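A short write-up of the structure that comes next.
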Amino acid sequence: NLAYSSLKLVGIKDIFIEISSRVFLDKLYSSIKDSQKLNVIKRYMKQKDLSGLIKLVEKKNHQYLRNIFSCTGLYKDKIDNLEKLKIDESNSQEIQNIKDIVRGFCINNKGAKVFLDLCEIDDKNYHKGIRFTFYSNNIRGEIAKGGRYFAKNIDQKEESTGFTCYMDTIL
């Protein structure tokens, strides 16, 4: 909400947000023990090459992978597809988190467009779960990005949420 409001206040128009989460891909990746194969799978995922991925992952993961891909698009059109990913408590909880966040965001930002893309890869392994990226129809590339992460406070890890606005792009 803060990032969206800030972008609107500086005059950015036609803003839309893309929501993602590493939880679903991490579940798939944890079943792959060969690190070279995993790197190839991540490269195909980055390219969003479902047919290439299907050839690389075990047959038992094919439907799960298809279900992840089926969630990509306008959130309101893909919300029902999320249900197919409820294979365990962790996934179910993350789906509920996504629904709660999107519901709250849309209540506070009437008419905002929300997209879902669970195929997005967090190359830096920085975010712990839900991530979000802001775009505008009038601006090429990302204008802001953020999500949940762990911050180290002395000897304790604290869960935090933050975002970065790309000022060069905004200006």
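Convention: chains lettered A, B, ... in structure tokens order; per-chain residue numbering from 1; ligands numbered from 1 as shown.
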Exercise. Write out as number ranges by chain the residues lying within 12 Å of Lys37 in chain A, counting only C-alpha atoms and excluding same-chain residues fewer than 3 positions away.
Key: A: 29, 31-34, 40-44, 53, 55-58
Exercise. Would you mind writing down, as a ChimeraX atom specification, each residue of chain A that DSSP on the backbone assigns to strand (DSSP E or B)?
Key: /A:15-21,73-74,113-116,127-136,139-153,156-165
Exercise. Just the residues within 12 Å of Leu74 in chain A, please, counting only C-alpha atoms, with nothing from its chain fewer than 6 positions along; format it as a ChimeraX atom specification.
Key: /A:16-19,80-81,102,112-117
Those residues you just picked out, can you put them in a file as a PDB file, in the first residue's frame with C-alpha atoms?
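Output contents, as saved in out30.pdb:
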```pdb
ATOM      1  CA  PHE A  16      -0.060  -2.448 -11.718  1.00  0.00           C
ATOM      2  CA  ILE A  17       1.422  -4.919  -9.267  1.00  0.00           C
ATOM      3  CA  GLU A  18       2.696  -8.439  -9.759  1.00  0.00           C
ATOM      4  CA  ILE A  19       2.596 -10.777  -6.759  1.00  0.00           C
ATOM      5  CA  ASP A  80      -9.274 -20.425  -8.534  1.00  0.00           C
ATOM      6  CA  ASN A  81      -6.096 -21.985  -9.959  1.00  0.00           C
ATOM      7  CA  VAL A 102      -4.405  -8.972  -2.401  1.00  0.00           C
ATOM      8  CA  ALA A 112      -5.684  -1.384  -9.025  1.00  0.00           C
ATOM      9  CA  LYS A 113      -4.622  -4.198 -11.336  1.00  0.00           C
ATOM     10  CA  VAL A 114      -3.015  -7.183  -9.633  1.00  0.00           C
ATOM     11  CA  PHE A 115      -1.193  -9.918 -11.513  1.00  0.00           C
ATOM     12  CA  LEU A 116       0.061 -13.229 -10.187  1.00  0.00           C
ATOM     13  CA  ASP A 117       3.260 -14.954 -11.340  1.00  0.00           C
TER      14      ASP A 117
END
```
Quiz item: Could you pull out all residues of range 69-158 of chain A with a DSSP call of helix (DSSP H, G or I) and give them as a PyMOL selection string?
Solution: chain A and resi 69+75-85+89-108
Quiz item: Could you pull the residues within 8 Å of Ala3 in chain A, counting only C-alpha atoms, minus those fewer than 6 positions along the same chain, as a list of chain:residue names?
Solution: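 After dropping sequence-adjacent residues, the list is A:Ala144, A:Phe163, A:Cys165.
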With only C-alpha atoms as the counted atoms, please give the residues lying no more than 10 Å from Asn67 in chain A, apart from itself and same-chain residues fewer than 4 positions off, as a compact mmCIF listing (two decimals) with N, CA and C atoms, in the first residue's frame.
```
# COMPACT_ATOMS: atom_id res chain seq x y z
N ASN A 61 6.11 -34.72 -10.71
CA ASN A 61 6.05 -33.26 -10.54
C ASN A 61 5.42 -32.52 -11.72
N HIS A 62 5.04 -33.24 -12.77
CA HIS A 62 4.50 -32.59 -13.96
C HIS A 62 3.24 -31.77 -13.68
N GLN A 63 2.28 -32.36 -12.99
CA GLN A 63 1.03 -31.64 -12.74
C GLN A 63 1.25 -30.45 -11.81
N CYS A 71 -1.22 -20.40 -12.78
CA CYS A 71 -1.53 -19.27 -11.90
C CYS A 71 -1.01 -17.94 -12.44
N THR A 72 -0.35 -17.94 -13.59
CA THR A 72 0.22 -16.71 -14.13
C THR A 72 -0.82 -15.93 -14.90
N ASN A 81 -7.21 -21.08 -9.66
CA ASN A 81 -6.10 -21.98 -9.96
C ASN A 81 -5.18 -22.18 -8.75
N LEU A 82 -5.15 -21.21 -7.85
CA LEU A 82 -4.33 -21.35 -6.64
C LEU A 82 -4.72 -22.58 -5.83
N GLU A 83 -6.00 -22.90 -5.84
CA GLU A 83 -6.50 -24.04 -5.05
C GLU A 83 -5.80 -25.34 -5.43
N LYS A 84 -5.38 -25.46 -6.69
CA LYS A 84 -4.72 -26.68 -7.16
C LYS A 84 -3.34 -26.87 -6.51
N LEU A 85 -2.80 -25.80 -5.95
CA LEU A 85 -1.47 -25.86 -5.34
C LEU A 85 -1.52 -26.19 -3.85
N LEU A 118 3.76 -17.01 -10.18
CA LEU A 118 4.47 -17.88 -9.25
C LEU A 118 5.70 -18.51 -9.88
```
Quiz item: From the list A:Lys59, A:Lys13, A:Lys27, A:Lys8, which residue is nearest Ile139 in chain A when using only C-alpha atoms?
Solution: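 Counting only C-alpha atoms, the residue closest to Ile139 in chain A is A:Lys13.
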Quiz prompt | Spatial neighbours of range 91-94 of chain A, 9 Å, only C-alpha atoms, chain gap at least 5 places, as an MDAnalysis selection string | solution = chainID A and resid 21 23:24 27 83 85:86 99 129:130
Take the residues that were just selected and, keeping N, CA and C atoms, output them as an mmCIF file, in the first residue's frame.
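Contents of out.cif, as written:
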```cif
data_model
loop_
_atom_site.group_PDB
_atom_site.id
_atom_site.type_symbol
_atom_site.label_atom_id
_atom_site.label_comp_id
_atom_site.auth_asym_id
_atom_site.auth_seq_id
_atom_site.Cartn_x
_atom_site.Cartn_y
_atom_site.Cartn_z
ATOM 1 N N SER A 21 5.627 -15.608 -5.079
ATOM 2 C CA SER A 21 6.100 -16.217 -3.836
ATOM 3 C C SER A 21 7.061 -17.346 -4.176
ATOM 4 N N VAL A 23 7.681 -19.878 -2.276
ATOM 5 C CA VAL A 23 7.284 -21.102 -1.578
ATOM 6 C C VAL A 23 6.998 -22.246 -2.558
ATOM 7 N N PHE A 24 6.314 -21.952 -3.643
ATOM 8 C CA PHE A 24 5.867 -22.996 -4.557
ATOM 9 C C PHE A 24 7.018 -23.595 -5.366
ATOM 10 N N LYS A 27 9.402 -25.702 -3.149
ATOM 11 C CA LYS A 27 8.910 -27.061 -2.922
ATOM 12 C C LYS A 27 9.350 -27.974 -4.061
ATOM 13 N N GLU A 83 -6.001 -22.902 -5.843
ATOM 14 C CA GLU A 83 -6.497 -24.035 -5.051
ATOM 15 C C GLU A 83 -5.798 -25.342 -5.430
ATOM 16 N N LEU A 85 -2.798 -25.796 -5.952
ATOM 17 C CA LEU A 85 -1.467 -25.860 -5.340
ATOM 18 C C LEU A 85 -1.515 -26.192 -3.851
ATOM 19 N N LYS A 86 -2.693 -26.415 -3.311
ATOM 20 C CA LYS A 86 -2.842 -26.740 -1.895
ATOM 21 C C LYS A 86 -2.491 -28.217 -1.668
ATOM 22 N N LYS A 99 -3.966 -14.381 -0.778
ATOM 23 C CA LYS A 99 -5.363 -13.916 -0.840
ATOM 24 C C LYS A 99 -5.603 -12.752 0.122
ATOM 25 N N GLY A 129 9.316 -15.192 1.163
ATOM 26 C CA GLY A 129 8.001 -15.663 0.739
ATOM 27 C C GLY A 129 7.447 -14.762 -0.329
ATOM 28 N N ILE A 130 6.421 -14.028 0.023
ATOM 29 C CA ILE A 130 5.731 -13.179 -0.948
ATOM 30 C C ILE A 130 6.605 -12.003 -1.361
#
```
Quiz item: Counting only C-alpha atoms, which of A:Leu171, A:Ser51, A:Ser5, A:Lys152 gets nearest to Lys110 in chain A?
Solution: A:Ser5
Self-check item: Test item: residues at most 9 Å from Ser136 in chain A, only C-alpha atoms, excluding those fewer than 4 positions along its chain, as a ChimeraX atom specification
Solution: /A:12-17,140-143
Self-check item: Shortest interatomic distance to Tyr4 in chain A - which of A:Leu38, A:Cys106, A:Leu25, A:Leu50, counting only C-alpha atoms
Solution: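 Ranked by minimum distance to Tyr4 in chain A, first place goes to A:Cys106.
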